[in-house]
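Asker: Before anything else, here's the structure in question.
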Amino acid sequence: MDLLAQLSGQLLSQQLAQLIVNGIAVGSIIALAAVGLTLTYGILRLANFAHGDFLTLGAYLTLLANGFGINIWLAVILGVVGTILAVLLTEKLLWSPMRDRRASSTTLIIISIGLALFLRNGIILFWGGGNQNYDLPVASAVNLLGIRIAYYRLIVVGLAILVILGLHYLLQNTKIGKAMRAVADDIDLARVSGINVDQVVIWTWVIAGSLTALGGGMYGLITAVRPNMGWFLILPMFAAVILGGIGNPYGAIAGALIIGVAQEVSTYWLPTEYKLGVALLIMVLVLLVRPQGLFKGTI
């Protein structure tokens, strides 16, 4: 009986450890997209509900390039470039004219939802509604302390760490990074201080678009590429942004990892279709208990 209880306990701990590792991988992808979302919210005051569909676009552009026989890593880069161009096009056609007209936040949210629907249905029109996969070489799982971790999940976590370190350097040590932080704190003061706000806006979109597209490309490494993948990630993204503190990129990273792990671990007790409910519950509890988030935000 004791041996049975011991084996059961070991199995439970291994399953939970496996779910935690999976949660870190998913949380890393959410973190990249959530940083882009919190930057646009903190600097442009835009709650962009199309953000998840730009993630999907990045994944499908990567799929398109990979389908022509291009190496997957080069395909991810091409997907990022294509998504940046699409994001800058929407800035030119939508967001810049709306800012000039001083559109209300409600109007901007409605426009972003319409843009999300436009992107999603355009993807379905071009690629179809079925699940698709990258052409990847087969790689065996890595055994780490008794936990079998899929090779591409390790790659996703490693790439996310490198990108986050690069983002930290950009925000803290470059001129544009300091200008972005100044605009996020007080746009009017930044403008009178001589900061080129229009340039900051463009850089914000470039960084947000690249991080989001990279997240989409990496998500396709560990799951199937499908038209609604970004839509199902938009709630965890917003939950991560709110949990970490709106406008705080470091808070968004921490919030995303918490959300990712919480979602995956919850599947030990709950069916997988309730994972989004866990993210929603965490978001609601944070809003009720600590509306400013775990860390200090800019909003």
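Lettering and numbering for the structure tokens are positional, with chains as A, B, ... in the shown order, residues counted from 1 in each chain, and ligands counted from 1 in the shown order.
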Would you kindly return, as a ChimeraX atom specification, each protein, DNA or RNA residue with an atom no farther than 9 Å from any atom of Gly82 (chain A), considering only C-alpha atoms and excluding same-chain residues fewer than 2 positions away?

Answerer: /A:57-58,61,77-80,84-87,213

Asker: I'd like a table as JSON lines: residues in region 41-86 of chain A with an atom no more than 10 Å from region 92-106 of chain A, each row giving the shortest atom pair and its distance in Å to one decimal, only C-alpha atoms counted, sorted by chain and rising residue number.

Answerer:
```
{"residue": "A:Leu44", "atom": "CA", "partner": "A:Arg99", "partner_atom": "CA", "distance": 9.1}
{"residue": "A:Arg45", "atom": "CA", "partner": "A:Ser105", "partner_atom": "CA", "distance": 7.9}
{"residue": "A:Leu46", "atom": "CA", "partner": "A:Ser105", "partner_atom": "CA", "distance": 7.2}
{"residue": "A:Ala47", "atom": "CA", "partner": "A:Ser105", "partner_atom": "CA", "distance": 8.0}
{"residue": "A:Ala86", "atom": "CA", "partner": "A:Lys92", "partner_atom": "CA", "distance": 9.9}
```

Asker: Can you write out as a tab-separated table which residues of region 128-175 of chain A fall within 12 Å of region 182-188 of chain A, alongside each residue's closest atom pair and its distance in Å to one decimal, counting only C-alpha atoms and ordering rows by chain and ascending residue number?

Answerer:
```
residue	atom	partner	partner_atom	distance
A:Leu171	CA	A:Ala182	CA	10.6
A:Gln172	CA	A:Ala182	CA	11.5
A:Lys175	CA	A:Ala182	CA	10.6
```

Asker: Could the residues in this selection be saved with N, CA, C and O atoms as a PDB file, in the first residue's frame?

Answerer:
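Written output follows (selection.pdb):
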```pdb
ATOM      1  N   LEU A 171      15.141  49.008 -24.403  1.00  0.00           N
ATOM      2  CA  LEU A 171      14.362  49.961 -23.605  1.00  0.00           C
ATOM      3  C   LEU A 171      15.228  50.748 -22.629  1.00  0.00           C
ATOM      4  O   LEU A 171      14.941  51.909 -22.336  1.00  0.00           O
ATOM      5  N   GLN A 172      16.277  50.116 -22.117  1.00  0.00           N
ATOM      6  CA  GLN A 172      17.055  50.753 -21.062  1.00  0.00           C
ATOM      7  C   GLN A 172      18.286  51.511 -21.561  1.00  0.00           C
ATOM      8  O   GLN A 172      18.731  52.453 -20.901  1.00  0.00           O
ATOM      9  N   LYS A 175      18.516  55.216 -27.325  1.00  0.00           N
ATOM     10  CA  LYS A 175      17.816  56.495 -27.366  1.00  0.00           C
ATOM     11  C   LYS A 175      16.327  56.303 -27.610  1.00  0.00           C
ATOM     12  O   LYS A 175      15.483  56.946 -26.969  1.00  0.00           O
TER      13      LYS A 175
END
```

Asker: Could you list, as a ChimeraX atom specification, every residue within 12 Å of Leu214 (chain A), counting only C-alpha atoms and ignoring same-chain residues fewer than 5 positions away?

Answerer: /A:28-36,54-62,73-84,156,159-160,163-164,206-209,219-221

Asker: For the strand (DSSP E or B) assignment from backbone DSSP, which residues of region 142-266 of chain A qualify? Please present them as number ranges by chain.

Answerer: A: 142-144, 147-149, 225

Asker: Next, dump the selected residues to file, keeping only all heavy atoms, as an mmCIF file, in the first residue's frame.

Answerer:
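The file below, out-v9.cif, is the result:
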```cif
data_model
loop_
_atom_site.group_PDB
_atom_site.id
_atom_site.type_symbol
_atom_site.label_atom_id
_atom_site.label_comp_id
_atom_site.auth_asym_id
_atom_site.auth_seq_id
_atom_site.Cartn_x
_atom_site.Cartn_y
_atom_site.Cartn_z
ATOM 1 N N VAL A 142 13.728 15.815 -25.234
ATOM 2 C CA VAL A 142 14.890 15.866 -24.348
ATOM 3 C C VAL A 142 14.462 15.415 -22.961
ATOM 4 O O VAL A 142 13.454 15.891 -22.422
ATOM 5 C CB VAL A 142 15.470 17.298 -24.286
ATOM 6 C CG1 VAL A 142 16.642 17.351 -23.322
ATOM 7 C CG2 VAL A 142 15.879 17.762 -25.677
ATOM 8 N N ASN A 143 15.214 14.496 -22.368
ATOM 9 C CA ASN A 143 14.915 14.012 -21.018
ATOM 10 C C ASN A 143 15.690 14.855 -20.018
ATOM 11 O O ASN A 143 16.915 14.824 -19.975
ATOM 12 C CB ASN A 143 15.297 12.534 -20.886
ATOM 13 C CG ASN A 143 14.720 11.903 -19.630
ATOM 14 O OD1 ASN A 143 14.767 12.494 -18.549
ATOM 15 N ND2 ASN A 143 14.181 10.702 -19.765
ATOM 16 N N LEU A 144 14.968 15.625 -19.206
ATOM 17 C CA LEU A 144 15.591 16.503 -18.227
ATOM 18 C C LEU A 144 15.034 16.187 -16.848
ATOM 19 O O LEU A 144 13.879 16.463 -16.545
ATOM 20 C CB LEU A 144 15.324 17.972 -18.583
ATOM 21 C CG LEU A 144 16.014 19.029 -17.722
ATOM 22 C CD1 LEU A 144 17.529 18.926 -17.878
ATOM 23 C CD2 LEU A 144 15.549 20.430 -18.113
ATOM 24 N N ILE A 147 11.859 14.369 -16.819
ATOM 25 C CA ILE A 147 10.759 15.027 -17.531
ATOM 26 C C ILE A 147 11.109 15.074 -19.007
ATOM 27 O O ILE A 147 12.174 15.581 -19.377
ATOM 28 C CB ILE A 147 10.518 16.451 -16.996
ATOM 29 C CG1 ILE A 147 10.277 16.422 -15.495
ATOM 30 C CG2 ILE A 147 9.344 17.102 -17.708
ATOM 31 C CD1 ILE A 147 10.251 17.811 -14.867
ATOM 32 N N ARG A 148 10.241 14.542 -19.845
ATOM 33 C CA ARG A 148 10.474 14.567 -21.285
ATOM 34 C C ARG A 148 9.924 15.875 -21.851
ATOM 35 O O ARG A 148 8.722 16.147 -21.764
ATOM 36 C CB ARG A 148 9.829 13.363 -21.961
ATOM 37 C CG ARG A 148 10.491 12.041 -21.567
ATOM 38 C CD ARG A 148 9.969 10.886 -22.373
ATOM 39 N NE ARG A 148 10.272 11.030 -23.798
ATOM 40 C CZ ARG A 148 11.455 10.755 -24.340
ATOM 41 N NH1 ARG A 148 12.450 10.331 -23.578
ATOM 42 N NH2 ARG A 148 11.644 10.882 -25.627
ATOM 43 N N ILE A 149 10.815 16.690 -22.403
ATOM 44 C CA ILE A 149 10.443 18.009 -22.915
ATOM 45 C C ILE A 149 10.629 18.005 -24.426
ATOM 46 O O ILE A 149 11.705 17.656 -24.932
ATOM 47 C CB ILE A 149 11.307 19.117 -22.286
ATOM 48 C CG1 ILE A 149 11.250 19.032 -20.757
ATOM 49 C CG2 ILE A 149 10.851 20.489 -22.756
ATOM 50 C CD1 ILE A 149 12.204 19.982 -20.066
ATOM 51 N N VAL A 225 -1.072 25.360 -36.816
ATOM 52 C CA VAL A 225 -1.406 26.727 -37.223
ATOM 53 C C VAL A 225 -2.860 26.732 -37.685
ATOM 54 O O VAL A 225 -3.236 25.970 -38.576
ATOM 55 C CB VAL A 225 -0.475 27.200 -38.360
ATOM 56 C CG1 VAL A 225 -0.847 28.612 -38.808
ATOM 57 C CG2 VAL A 225 0.978 27.154 -37.902
#
```

Asker: List every residue of region 218-296 of chain A that has an atom at most 10 Å from any atom of region 50-53 of chain A, and for each one report the closest atom pair and its distance in Å to one decimal, counting only C-alpha atoms, with rows sorted by chain and then by increasing residue number, as CSV.

Answerer:
```
residue,atom,partner,partner_atom,distance
A:Pro227,CA,A:Asp53,CA,8.2
A:Asn228,CA,A:Asp53,CA,7.7
A:Met229,CA,A:Gly52,CA,7.8
A:Gly230,CA,A:Gly52,CA,4.0
A:Trp231,CA,A:Gly52,CA,5.5
A:Phe232,CA,A:Gly52,CA,7.9
A:Leu233,CA,A:Gly52,CA,6.3
A:Ile234,CA,A:Gly52,CA,5.1
A:Leu235,CA,A:Gly52,CA,9.0
A:Met237,CA,A:Gly52,CA,8.3
```

Asker: Any chance you could list, as an mmCIF file with C-alpha atoms, in the first residue's frame, the residues in region 81-177 of chain A that come up helix (DSSP H, G or I) when DSSP is run on the backbone?

Answerer:
```
data_model
loop_
_atom_site.group_PDB
_atom_site.id
_atom_site.type_symbol
_atom_site.label_atom_id
_atom_site.label_comp_id
_atom_site.auth_asym_id
_atom_site.auth_seq_id
_atom_site.Cartn_x
_atom_site.Cartn_y
_atom_site.Cartn_z
ATOM 1 C CA VAL A 81 8.934 41.316 -41.722
ATOM 2 C CA GLY A 82 5.586 40.751 -43.458
ATOM 3 C CA THR A 83 3.661 41.328 -40.232
ATOM 4 C CA ILE A 84 5.573 44.546 -39.519
ATOM 5 C CA LEU A 85 4.601 45.836 -42.969
ATOM 6 C CA ALA A 86 0.943 44.948 -42.304
ATOM 7 C CA VAL A 87 1.044 46.665 -38.893
ATOM 8 C CA LEU A 88 2.588 49.820 -40.361
ATOM 9 C CA LEU A 89 -0.070 49.813 -43.096
ATOM 10 C CA THR A 90 -2.842 49.780 -40.480
ATOM 11 C CA GLU A 91 -1.081 52.622 -38.643
ATOM 12 C CA LYS A 92 -1.077 54.668 -41.846
ATOM 13 C CA LEU A 93 -4.653 53.872 -42.882
ATOM 14 C CA LEU A 94 -6.430 53.562 -39.514
ATOM 15 C CA TRP A 95 -4.713 54.591 -36.330
ATOM 16 C CA SER A 96 -2.971 57.778 -37.453
ATOM 17 C CA PRO A 97 -6.171 59.308 -38.942
ATOM 18 C CA MET A 98 -8.094 58.282 -35.817
ATOM 19 C CA ARG A 99 -5.542 60.001 -33.562
ATOM 20 C CA ASP A 100 -5.740 63.142 -35.701
ATOM 21 C CA SER A 105 -11.221 54.874 -26.791
ATOM 22 C CA THR A 106 -14.564 53.180 -27.481
ATOM 23 C CA THR A 107 -14.276 54.009 -31.182
ATOM 24 C CA LEU A 108 -10.726 52.662 -31.290
ATOM 25 C CA ILE A 109 -11.777 49.406 -29.605
ATOM 26 C CA ILE A 110 -14.617 48.904 -32.106
ATOM 27 C CA ILE A 111 -12.234 49.573 -35.014
ATOM 28 C CA SER A 112 -9.705 47.097 -33.612
ATOM 29 C CA ILE A 113 -12.406 44.402 -33.314
ATOM 30 C CA GLY A 114 -13.415 45.061 -36.934
ATOM 31 C CA LEU A 115 -9.764 44.835 -37.987
ATOM 32 C CA ALA A 116 -9.455 41.526 -36.130
ATOM 33 C CA LEU A 117 -12.445 40.100 -37.991
ATOM 34 C CA PHE A 118 -11.065 41.391 -41.298
ATOM 35 C CA LEU A 119 -7.675 39.760 -40.724
ATOM 36 C CA ARG A 120 -9.156 36.453 -39.540
ATOM 37 C CA ASN A 121 -11.542 36.114 -42.453
ATOM 38 C CA GLY A 122 -8.824 37.157 -44.889
ATOM 39 C CA ILE A 123 -6.626 34.365 -43.521
ATOM 40 C CA ILE A 124 -9.480 31.860 -43.899
ATOM 41 C CA LEU A 125 -10.098 33.066 -47.481
ATOM 42 C CA PHE A 126 -6.443 32.675 -48.429
ATOM 43 C CA TRP A 127 -5.329 29.621 -46.432
ATOM 44 C CA TYR A 151 12.681 19.819 -28.457
ATOM 45 C CA TYR A 152 10.782 22.721 -29.997
ATOM 46 C CA ARG A 153 9.364 23.754 -26.614
ATOM 47 C CA LEU A 154 12.938 24.175 -25.381
ATOM 48 C CA ILE A 155 13.735 26.219 -28.492
ATOM 49 C CA VAL A 156 10.693 28.433 -27.865
ATOM 50 C CA VAL A 157 11.731 29.157 -24.264
ATOM 51 C CA GLY A 158 15.352 29.823 -25.258
ATOM 52 C CA LEU A 159 14.393 32.186 -28.074
ATOM 53 C CA ALA A 160 11.931 34.013 -25.835
ATOM 54 C CA ILE A 161 14.644 34.595 -23.221
ATOM 55 C CA LEU A 162 17.034 35.979 -25.857
ATOM 56 C CA VAL A 163 14.362 38.279 -27.308
ATOM 57 C CA ILE A 164 13.347 39.551 -23.861
ATOM 58 C CA LEU A 165 16.997 40.296 -23.008
ATOM 59 C CA GLY A 166 17.314 42.190 -26.295
ATOM 60 C CA LEU A 167 14.137 44.128 -25.539
ATOM 61 C CA HIS A 168 15.475 45.010 -22.085
ATOM 62 C CA TYR A 169 18.663 46.391 -23.628
ATOM 63 C CA LEU A 170 16.672 48.386 -26.190
ATOM 64 C CA LEU A 171 14.362 49.961 -23.605
ATOM 65 C CA GLN A 172 17.055 50.753 -21.062
ATOM 66 C CA ASN A 173 20.138 51.638 -23.094
ATOM 67 C CA LYS A 175 17.816 56.495 -27.366
ATOM 68 C CA ILE A 176 14.564 55.211 -28.843
ATOM 69 C CA GLY A 177 13.945 53.035 -25.783
#
```
